[in-house]
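Written out below as structure tokens is the structure these notes cover.
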Amino acid sequence: MSENSIDDSMNERPVEVSWFSALCDDDYQFLGIEDPALKASWPHCRDIALTAEQNGFDNILLPSGYQLGMDSIGFAGGIAPLLEKMRLLVAVRCGEMWVPQLARQLATLDQMLGGRLTINIISSDLPGQQMDGAPRYQRTLETMQALRQFLNGEAVQLDGAHIQLDLAPPRMQTVSGKCPPFYFGGLSPAARDVAAREADVFLMWPDTMDKVADILADMRARASAYKRQLKFGYRVHVIVRETEAQARDAADQLVSRLDDKTGEEIRNRSLDSASYGVRRQAEMRDAANAAGTGDYVEDNLWTGIGRARSGCGAAIVGDPDQVLAKLNAYRALGIEAFILSGYPHRDECDLFGRYVLPRLNHGALQL
């Protein structure tokens with residue numbers, strides 16, 4: 001499907017548009033050059049969140065990197081009273097916290113937000129620990145099952161390989177009395193199975209249009225096998241300027257002071273730096289280099305940003321019309337939520353909020 005062949009009914013369906021607060025020391029003017037003013041701190045990350053709300057974003061991801069930057073739940077408790085409309089997408093790492101305690105914290109956050117909490121489930125190793133994929137994803141599955149029951153206000157009886165619980169329903173519940181949506185991603189077969197069984201929103205990192213279509217088709221089939229349906233979200237960076245030339249110049253400027261050794265060190269900081277999804281981001285970079293397209297793996301999708309970032313390793317780059325067309329092309333495939341970011345995060349939030357967000361029919365994702 002071409003990027004211009006858009007289903008007219010698509011624009012009648014709001015898409016959730018989220019921004020990203022750089023809690024994990026991931027904010028730069030120039031990738032690889034640390035700027036003390038852009039390191040994760042309460043004032044800096046608070047201002048990113050407030051800027052996103054002022055620009056009208058629907059949600060904001062608060063990432064979790066354990067050793068990197070700030071704690072997502074602690075930060076969420078501080079920012080919640082300062083927000084009036086925007087949701088919080090709080091990242092939690094399975095195994096990092098005992099599930100009954102985690103459920104109580106999340107229910108409390110939802111109360112503070114008036115019911116605007118969403119949850120990003122992360123399956124990863126913890127510092128000092130390396131677990132094979134199969135047991136790690138089994139732990140993730142059990143965590144999601146127990147957490148959903150707690151946040152639904154139900155008793156939990158679980159005799160799993162990693163979690164054993166026999167507890168009455170908790171008193172502290174969410175505003176709705178129901179579990180907030182679970183956003184979860186991963187490309188390995190084990191990750192896809194967990195998502196099909198327990199996620200509400202399947203998140204993916206940037207990929208070429210044909211690969212995105214393939215992933216969506218596969219995940220629809222997997223969810224259907226469990227008699228479930230999934231929503232789909234897309235996590236990507238964005239660089240938008242008045243003209244395409246200016247946007248490409250901004251992309252080049254972002255990596256203009258980066259050397260390969262520093263980029264590799266930054267990529268290896270993350271505990272998921274060897275994951276299936278991270279490898280796919282590297283494959284796209286390699287394909288773009290082999291094609292000699294200046295790190296563009298397809299029209300307006302630039303992989304250069306992944307030279308100094310583990311995980312989400314590509315950016316939509318272009319003028320407002322091009323960026324909007326790219327987002328609408330993903331929507332035509334079935335994407336219903338975007339999690340966007342850019343460097344520096346406050347500046348790029350303002351630019352996207354000025355040039356593109358007002359042209360999107362958007363709102364909080366409804367399940």
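Chain labels A, B, ... are given in the sequence in which chains occur in the structure tokens; within each chain residues are numbered consecutively from 1, and ligands are likewise numbered from 1 in the order shown.
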* Just the residues within 7 Å of Pro181 of chain A, please, counting only C-alpha atoms, with nothing from its chain fewer than 5 positions along; format it as a list in words. =>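 What passes the distance filter is Thr118, Ile119 and Asp200 of chain A.
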What would the file look like if the residues just selected were written as a PDB file, in the first residue's frame with C-alpha atoms?
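Result written to result_2.pdb:
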ATOM      1  CA  THR A 118      -1.553   3.446  31.270  1.00  0.00           C
ATOM      2  CA  ILE A 119       1.209   0.880  31.819  1.00  0.00           C
ATOM      3  CA  ASP A 200      -3.827  -4.646  25.273  1.00  0.00           C
TER       4      ASP A 200
END
* Hey, what does DSSP flag as helix (DSSP H, G or I) within segment 201-317 of chain A? Can you give it to me as JSON, numbers by chain? -> {"A": [209, 210, 211, 212, 213, 214, 215, 216, 217, 218, 219, 220, 221, 222, 223, 224, 225, 244, 245, 246, 247, 248, 249, 250, 251, 252, 253, 254, 260, 261, 262, 263, 264, 265, 266, 267, 268, 276, 277, 278, 279, 280, 281, 282, 283, 284, 285, 286, 287, 288, 289, 290, 291, 304, 305, 306, 307, 308]}
* Output as an MDAnalysis selection string all residues of segment 192-263 of chain A that backbone DSSP marks as strand (DSSP E). => chainID A and resid 201:204 231:240
Deliver the residues from the most recent selection as a file, using C-alpha atoms, as a short mmCIF file (atom, residue, chain, number, x, y, z; two decimals), in the first residue's frame.
data_model
loop_
_atom_site.label_atom_id
_atom_site.label_comp_id
_atom_site.auth_asym_id
_atom_site.auth_seq_id
_atom_site.Cartn_x
_atom_site.Cartn_y
_atom_site.Cartn_z
CA VAL A 201 -1.58 -2.63 22.95
CA PHE A 202 1.25 -4.27 21.02
CA LEU A 203 4.12 -1.80 20.62
CA MET A 204 6.70 -1.97 17.86
CA LYS A 231 -4.53 -2.51 19.47
CA PHE A 232 -1.24 -1.50 17.84
CA GLY A 233 1.24 1.21 18.75
CA TYR A 234 4.37 2.52 17.02
CA ARG A 235 7.38 4.01 18.82
CA VAL A 236 9.52 6.28 16.62
CA HIS A 237 11.59 9.46 16.72
CA VAL A 238 10.60 12.44 14.61
CA ILE A 239 12.42 15.40 13.04
CA VAL A 240 10.07 17.88 11.38
#
Segment 287-298 of chain A environment, 10 Å, only C-alpha atoms, sequence neighbours closer than 2 positions dropped, as a PDB file with N, CA and C atoms, in the first residue's frame:
ATOM      1  N   ASP A 207      10.143   0.303  11.562  1.00  0.00           N
ATOM      2  CA  ASP A 207      10.497  -0.693  10.554  1.00  0.00           C
ATOM      3  C   ASP A 207       9.952  -0.221   9.217  1.00  0.00           C
ATOM      4  N   THR A 208      10.367  -0.911   8.166  1.00  0.00           N
ATOM      5  CA  THR A 208       9.880  -0.573   6.830  1.00  0.00           C
ATOM      6  C   THR A 208       8.392  -0.915   6.731  1.00  0.00           C
ATOM      7  N   MET A 209       7.716  -0.276   5.803  1.00  0.00           N
ATOM      8  CA  MET A 209       6.269  -0.431   5.714  1.00  0.00           C
ATOM      9  C   MET A 209       5.861  -1.886   5.514  1.00  0.00           C
ATOM     10  N   ASP A 252      21.313  15.478  10.109  1.00  0.00           N
ATOM     11  CA  ASP A 252      22.769  15.422   9.956  1.00  0.00           C
ATOM     12  C   ASP A 252      23.474  16.130  11.108  1.00  0.00           C
ATOM     13  N   ALA A 282      19.435  -2.601  13.988  1.00  0.00           N
ATOM     14  CA  ALA A 282      20.762  -2.599  13.365  1.00  0.00           C
ATOM     15  C   ALA A 282      20.698  -3.097  11.926  1.00  0.00           C
ATOM     16  N   GLU A 283      19.854  -4.097  11.667  1.00  0.00           N
ATOM     17  CA  GLU A 283      19.700  -4.606  10.302  1.00  0.00           C
ATOM     18  C   GLU A 283      19.209  -3.513   9.362  1.00  0.00           C
ATOM     19  N   MET A 284      18.275  -2.696   9.821  1.00  0.00           N
ATOM     20  CA  MET A 284      17.789  -1.606   8.967  1.00  0.00           C
ATOM     21  C   MET A 284      18.902  -0.612   8.670  1.00  0.00           C
ATOM     22  N   ARG A 285      19.715  -0.316   9.677  1.00  0.00           N
ATOM     23  CA  ARG A 285      20.835   0.596   9.479  1.00  0.00           C
ATOM     24  C   ARG A 285      21.793   0.034   8.446  1.00  0.00           C
ATOM     25  N   ASN A 300      11.796   8.948   3.958  1.00  0.00           N
ATOM     26  CA  ASN A 300      11.566   9.685   5.196  1.00  0.00           C
ATOM     27  C   ASN A 300      11.787   8.874   6.467  1.00  0.00           C
ATOM     28  N   LEU A 301      12.380   7.677   6.388  1.00  0.00           N
ATOM     29  CA  LEU A 301      12.685   6.895   7.585  1.00  0.00           C
ATOM     30  C   LEU A 301      14.197   6.773   7.707  1.00  0.00           C
ATOM     31  N   TRP A 302      14.755   7.527   8.646  1.00  0.00           N
ATOM     32  CA  TRP A 302      16.199   7.703   8.805  1.00  0.00           C
ATOM     33  C   TRP A 302      16.707   6.860   9.964  1.00  0.00           C
ATOM     34  N   THR A 303      17.674   5.987   9.685  1.00  0.00           N
ATOM     35  CA  THR A 303      18.187   5.075  10.712  1.00  0.00           C
ATOM     36  C   THR A 303      19.426   5.594  11.419  1.00  0.00           C
ATOM     37  N   GLY A 304      19.906   6.773  11.044  1.00  0.00           N
ATOM     38  CA  GLY A 304      21.129   7.297  11.643  1.00  0.00           C
ATOM     39  C   GLY A 304      21.039   7.498  13.141  1.00  0.00           C
ATOM     40  N   ILE A 305      19.848   7.731  13.634  1.00  0.00           N
ATOM     41  CA  ILE A 305      19.678   7.975  15.065  1.00  0.00           C
ATOM     42  C   ILE A 305      20.047   6.747  15.888  1.00  0.00           C
ATOM     43  N   GLY A 306      19.948   5.552  15.281  1.00  0.00           N
ATOM     44  CA  GLY A 306      20.294   4.328  15.978  1.00  0.00           C
ATOM     45  C   GLY A 306      21.785   4.111  16.136  1.00  0.00           C
ATOM     46  N   ARG A 307      22.587   4.956  15.549  1.00  0.00           N
ATOM     47  CA  ARG A 307      24.038   4.842  15.741  1.00  0.00           C
ATOM     48  C   ARG A 307      24.438   5.133  17.176  1.00  0.00           C
ATOM     49  N   ALA A 314      15.241   4.690  14.715  1.00  0.00           N
ATOM     50  CA  ALA A 314      14.980   5.399  13.467  1.00  0.00           C
ATOM     51  C   ALA A 314      14.053   6.573  13.726  1.00  0.00           C
ATOM     52  N   ALA A 315      14.078   7.523  12.804  1.00  0.00           N
ATOM     53  CA  ALA A 315      13.271   8.731  12.926  1.00  0.00           C
ATOM     54  C   ALA A 315      12.557   9.014  11.622  1.00  0.00           C
ATOM     55  N   ILE A 316      11.326   9.503  11.728  1.00  0.00           N
ATOM     56  CA  ILE A 316      10.619  10.058  10.574  1.00  0.00           C
ATOM     57  C   ILE A 316      11.166  11.465  10.356  1.00  0.00           C
ATOM     58  N   VAL A 317      11.698  11.727   9.179  1.00  0.00           N
ATOM     59  CA  VAL A 317      12.351  13.006   8.886  1.00  0.00           C
ATOM     60  C   VAL A 317      11.699  13.622   7.657  1.00  0.00           C
TER      61      VAL A 317
END
* Give me the residues within 12 Å of Ala221 of chain A as a ChimeraX atom specification, counting only C-alpha atoms and dropping any in the same chain fewer than 6 places off. => /A:192-193,195-197,214-215,227-230
What would the file look like if the residues just selected were written as a PDB file, in the first residue's frame with N, CA and C atoms?
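Below is the file that was written, result34.pdb:
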ATOM      1  N   ARG A 192       6.127 -12.267  21.303  1.00  0.00           N
ATOM      2  CA  ARG A 192       4.871 -12.152  20.559  1.00  0.00           C
ATOM      3  C   ARG A 192       3.771 -12.983  21.218  1.00  0.00           C
ATOM      4  N   ASP A 193       4.131 -14.146  21.729  1.00  0.00           N
ATOM      5  CA  ASP A 193       3.125 -14.983  22.380  1.00  0.00           C
ATOM      6  C   ASP A 193       2.606 -14.329  23.650  1.00  0.00           C
ATOM      7  N   ALA A 195       2.517 -11.147  24.279  1.00  0.00           N
ATOM      8  CA  ALA A 195       1.683 -10.017  23.855  1.00  0.00           C
ATOM      9  C   ALA A 195       0.310 -10.491  23.407  1.00  0.00           C
ATOM     10  N   ALA A 196       0.266 -11.563  22.633  1.00  0.00           N
ATOM     11  CA  ALA A 196      -1.014 -12.074  22.147  1.00  0.00           C
ATOM     12  C   ALA A 196      -1.913 -12.517  23.293  1.00  0.00           C
ATOM     13  N   ARG A 197      -1.316 -13.019  24.369  1.00  0.00           N
ATOM     14  CA  ARG A 197      -2.086 -13.544  25.493  1.00  0.00           C
ATOM     15  C   ARG A 197      -2.521 -12.471  26.485  1.00  0.00           C
ATOM     16  N   ASP A 214       3.636  -6.988   7.928  1.00  0.00           N
ATOM     17  CA  ASP A 214       3.826  -8.397   8.270  1.00  0.00           C
ATOM     18  C   ASP A 214       3.660  -8.629   9.773  1.00  0.00           C
ATOM     19  N   ILE A 215       4.233  -7.736  10.584  1.00  0.00           N
ATOM     20  CA  ILE A 215       4.137  -7.885  12.045  1.00  0.00           C
ATOM     21  C   ILE A 215       2.689  -7.769  12.496  1.00  0.00           C
ATOM     22  N   LYS A 227      -8.418 -15.976  21.114  1.00  0.00           N
ATOM     23  CA  LYS A 227      -9.742 -15.330  21.129  1.00  0.00           C
ATOM     24  C   LYS A 227      -9.657 -13.921  21.702  1.00  0.00           C
ATOM     25  N   ARG A 228      -8.636 -13.188  21.264  1.00  0.00           N
ATOM     26  CA  ARG A 228      -8.410 -11.825  21.719  1.00  0.00           C
ATOM     27  C   ARG A 228      -8.175 -10.920  20.518  1.00  0.00           C
ATOM     28  N   GLN A 229      -8.265  -9.619  20.745  1.00  0.00           N
ATOM     29  CA  GLN A 229      -7.904  -8.622  19.748  1.00  0.00           C
ATOM     30  C   GLN A 229      -6.932  -7.637  20.373  1.00  0.00           C
ATOM     31  N   LEU A 230      -6.004  -7.166  19.581  1.00  0.00           N
ATOM     32  CA  LEU A 230      -4.997  -6.217  20.038  1.00  0.00           C
ATOM     33  C   LEU A 230      -5.178  -4.866  19.366  1.00  0.00           C
TER      34      LEU A 230
END
For segment 49-128 of chain A versus segment 182-185 of chain A, which residues have an atom no more than 9 Å away, and what is each residue's nearest atom pair and distance in Å rounded to one decimal, using only C-alpha atoms, chain-then-number order, as CSV?
residue,atom,partner,partner_atom,distance
A:Leu89,CA,A:Tyr183,CA,8.3
A:Ala91,CA,A:Tyr183,CA,9.0
A:Thr118,CA,A:Phe182,CA,6.6
A:Ile119,CA,A:Phe182,CA,5.0
A:Asn120,CA,A:Tyr183,CA,4.6
A:Ile121,CA,A:Phe184,CA,5.3
A:Ile122,CA,A:Phe184,CA,6.8
A:Ser123,CA,A:Phe184,CA,8.7
Dump C-alpha atoms for the selected residues as a tab-separated table (two decimals), in the first residue's frame?
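Dumped everything to result_0.tsv:
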chain	number	residue	atom	x	y	z
A	89	LEU	CA	2.34	5.70	30.25
A	91	ALA	CA	7.13	1.80	32.28
A	118	THR	CA	-1.55	3.45	31.27
A	119	ILE	CA	1.21	0.88	31.82
A	120	ASN	CA	4.21	-0.07	29.66
A	121	ILE	CA	5.29	-3.60	30.61
A	122	ILE	CA	9.00	-4.30	30.04
A	123	SER	CA	10.49	-7.80	29.95
* Neighbour list for Tyr137 of chain A as a list of chain:residue names, cut-off 9 Å, only C-alpha atoms, skip fewer than 6 positions in-chain ->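 Counting only the stated atoms, we get A:Ser123, A:Ser124, A:Ala190, A:Ala191, A:Val194.
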Prev. selection, N, CA and C atoms, output as an mmCIF file, in the first residue's frame:
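Result written to selection.cif:
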data_model
loop_
_atom_site.group_PDB
_atom_site.id
_atom_site.type_symbol
_atom_site.label_atom_id
_atom_site.label_comp_id
_atom_site.auth_asym_id
_atom_site.auth_seq_id
_atom_site.Cartn_x
_atom_site.Cartn_y
_atom_site.Cartn_z
ATOM 1 N N SER A 123 9.868 -6.524 29.614
ATOM 2 C CA SER A 123 10.490 -7.800 29.954
ATOM 3 C C SER A 123 11.973 -7.680 29.658
ATOM 4 N N SER A 124 12.783 -7.665 30.703
ATOM 5 C CA SER A 124 14.221 -7.563 30.458
ATOM 6 C C SER A 124 14.967 -8.141 31.643
ATOM 7 N N ALA A 190 8.696 -15.703 21.623
ATOM 8 C CA ALA A 190 8.204 -15.726 23.002
ATOM 9 C C ALA A 190 7.534 -14.408 23.369
ATOM 10 N N ALA A 191 8.132 -13.293 22.952
ATOM 11 C CA ALA A 191 7.547 -11.990 23.241
ATOM 12 C C ALA A 191 6.208 -11.835 22.537
ATOM 13 N N VAL A 194 3.498 -13.761 24.453
ATOM 14 C CA VAL A 194 3.062 -13.061 25.663
ATOM 15 C C VAL A 194 2.142 -11.902 25.303
#
* Within 6 Å of Leu88 of chain A, counting only C-alpha atoms, which residues qualify if same-chain residues fewer than 4 places away don't, as a PyMOL selection string? -> chain A and resi 59-60+117-118
Residues of the last selection are to be written out with N, CA and C atoms, as a PDB file, in the first residue's frame.
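Final output, saved to again_35.pdb:
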ATOM      1  N   ASN A  59      -0.745  11.471  25.729  1.00  0.00           N
ATOM      2  CA  ASN A  59      -0.099  10.576  26.684  1.00  0.00           C
ATOM      3  C   ASN A  59       1.381  10.883  26.653  1.00  0.00           C
ATOM      4  N   ILE A  60       2.116  10.405  27.659  1.00  0.00           N
ATOM      5  CA  ILE A  60       3.566  10.554  27.647  1.00  0.00           C
ATOM      6  C   ILE A  60       4.190   9.329  28.280  1.00  0.00           C
ATOM      7  N   LEU A 117      -4.088   6.590  33.969  1.00  0.00           N
ATOM      8  CA  LEU A 117      -2.867   5.805  33.950  1.00  0.00           C
ATOM      9  C   LEU A 117      -2.905   4.750  32.847  1.00  0.00           C
ATOM     10  N   THR A 118      -1.788   4.581  32.155  1.00  0.00           N
ATOM     11  CA  THR A 118      -1.553   3.446  31.270  1.00  0.00           C
ATOM     12  C   THR A 118      -0.190   2.862  31.647  1.00  0.00           C
TER      13      THR A 118
END
* Tell me which protein, DNA and RNA residues are within 10 Å of segment 62-68 of chain A, counting only C-alpha atoms, leaving out same-chain ones fewer than 5 positions away, and put them as a PyMOL selection string. => chain A and resi 19-26+40+45+49+73+75-76+88-93+96+119-122+126-127+269-272
* Residue nearest His162 of chain A among A:Ala213, A:Ala199, A:Val99, A:Ala332 (counting only C-alpha atoms) ->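 With only C-alpha atoms as the atom set, the closest residue is A:Val99.
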* Asked: From the list A:Val212, A:Arg309, A:Pro358, A:Pro344, which residue is nearest Asp35 of chain A when using only C-alpha atoms?
  ->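 That would be A:Pro344, the residue with the smallest distance to Asp35 of chain A.
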* Just how far from atom CA of Glu336 of chain A is atom CA of Ala250 of chain A, in Å to one decimal? -> 27.8 Å
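One finds atom CA of Glu12 of chain A at 24.5 Å from atom CA of Gly318 of chain A.
For the choices A:Leu113, A:Met144, A:Leu106, A:Ala251, the atom-to-atom distance to Ile79 of chain A is smallest for A:Leu113 when using only C-alpha atoms.
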* Asked: Which of these residues is nearest to Pro14 of chain A, using only C-alpha atoms: A:Met112, A:Val356, A:Ala337, A:Cys349?
  ->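 Going through A:Met112, A:Val356, A:Ala337, A:Cys349 one by one, the smallest distance to Pro14 of chain A is for A:Ala337.
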* Structure fact -> Asp218 of chain A proximity check over A:Ser188, A:Arg279, A:Ser256, A:Arg331, using only C-alpha atoms: winner is A:Ser188
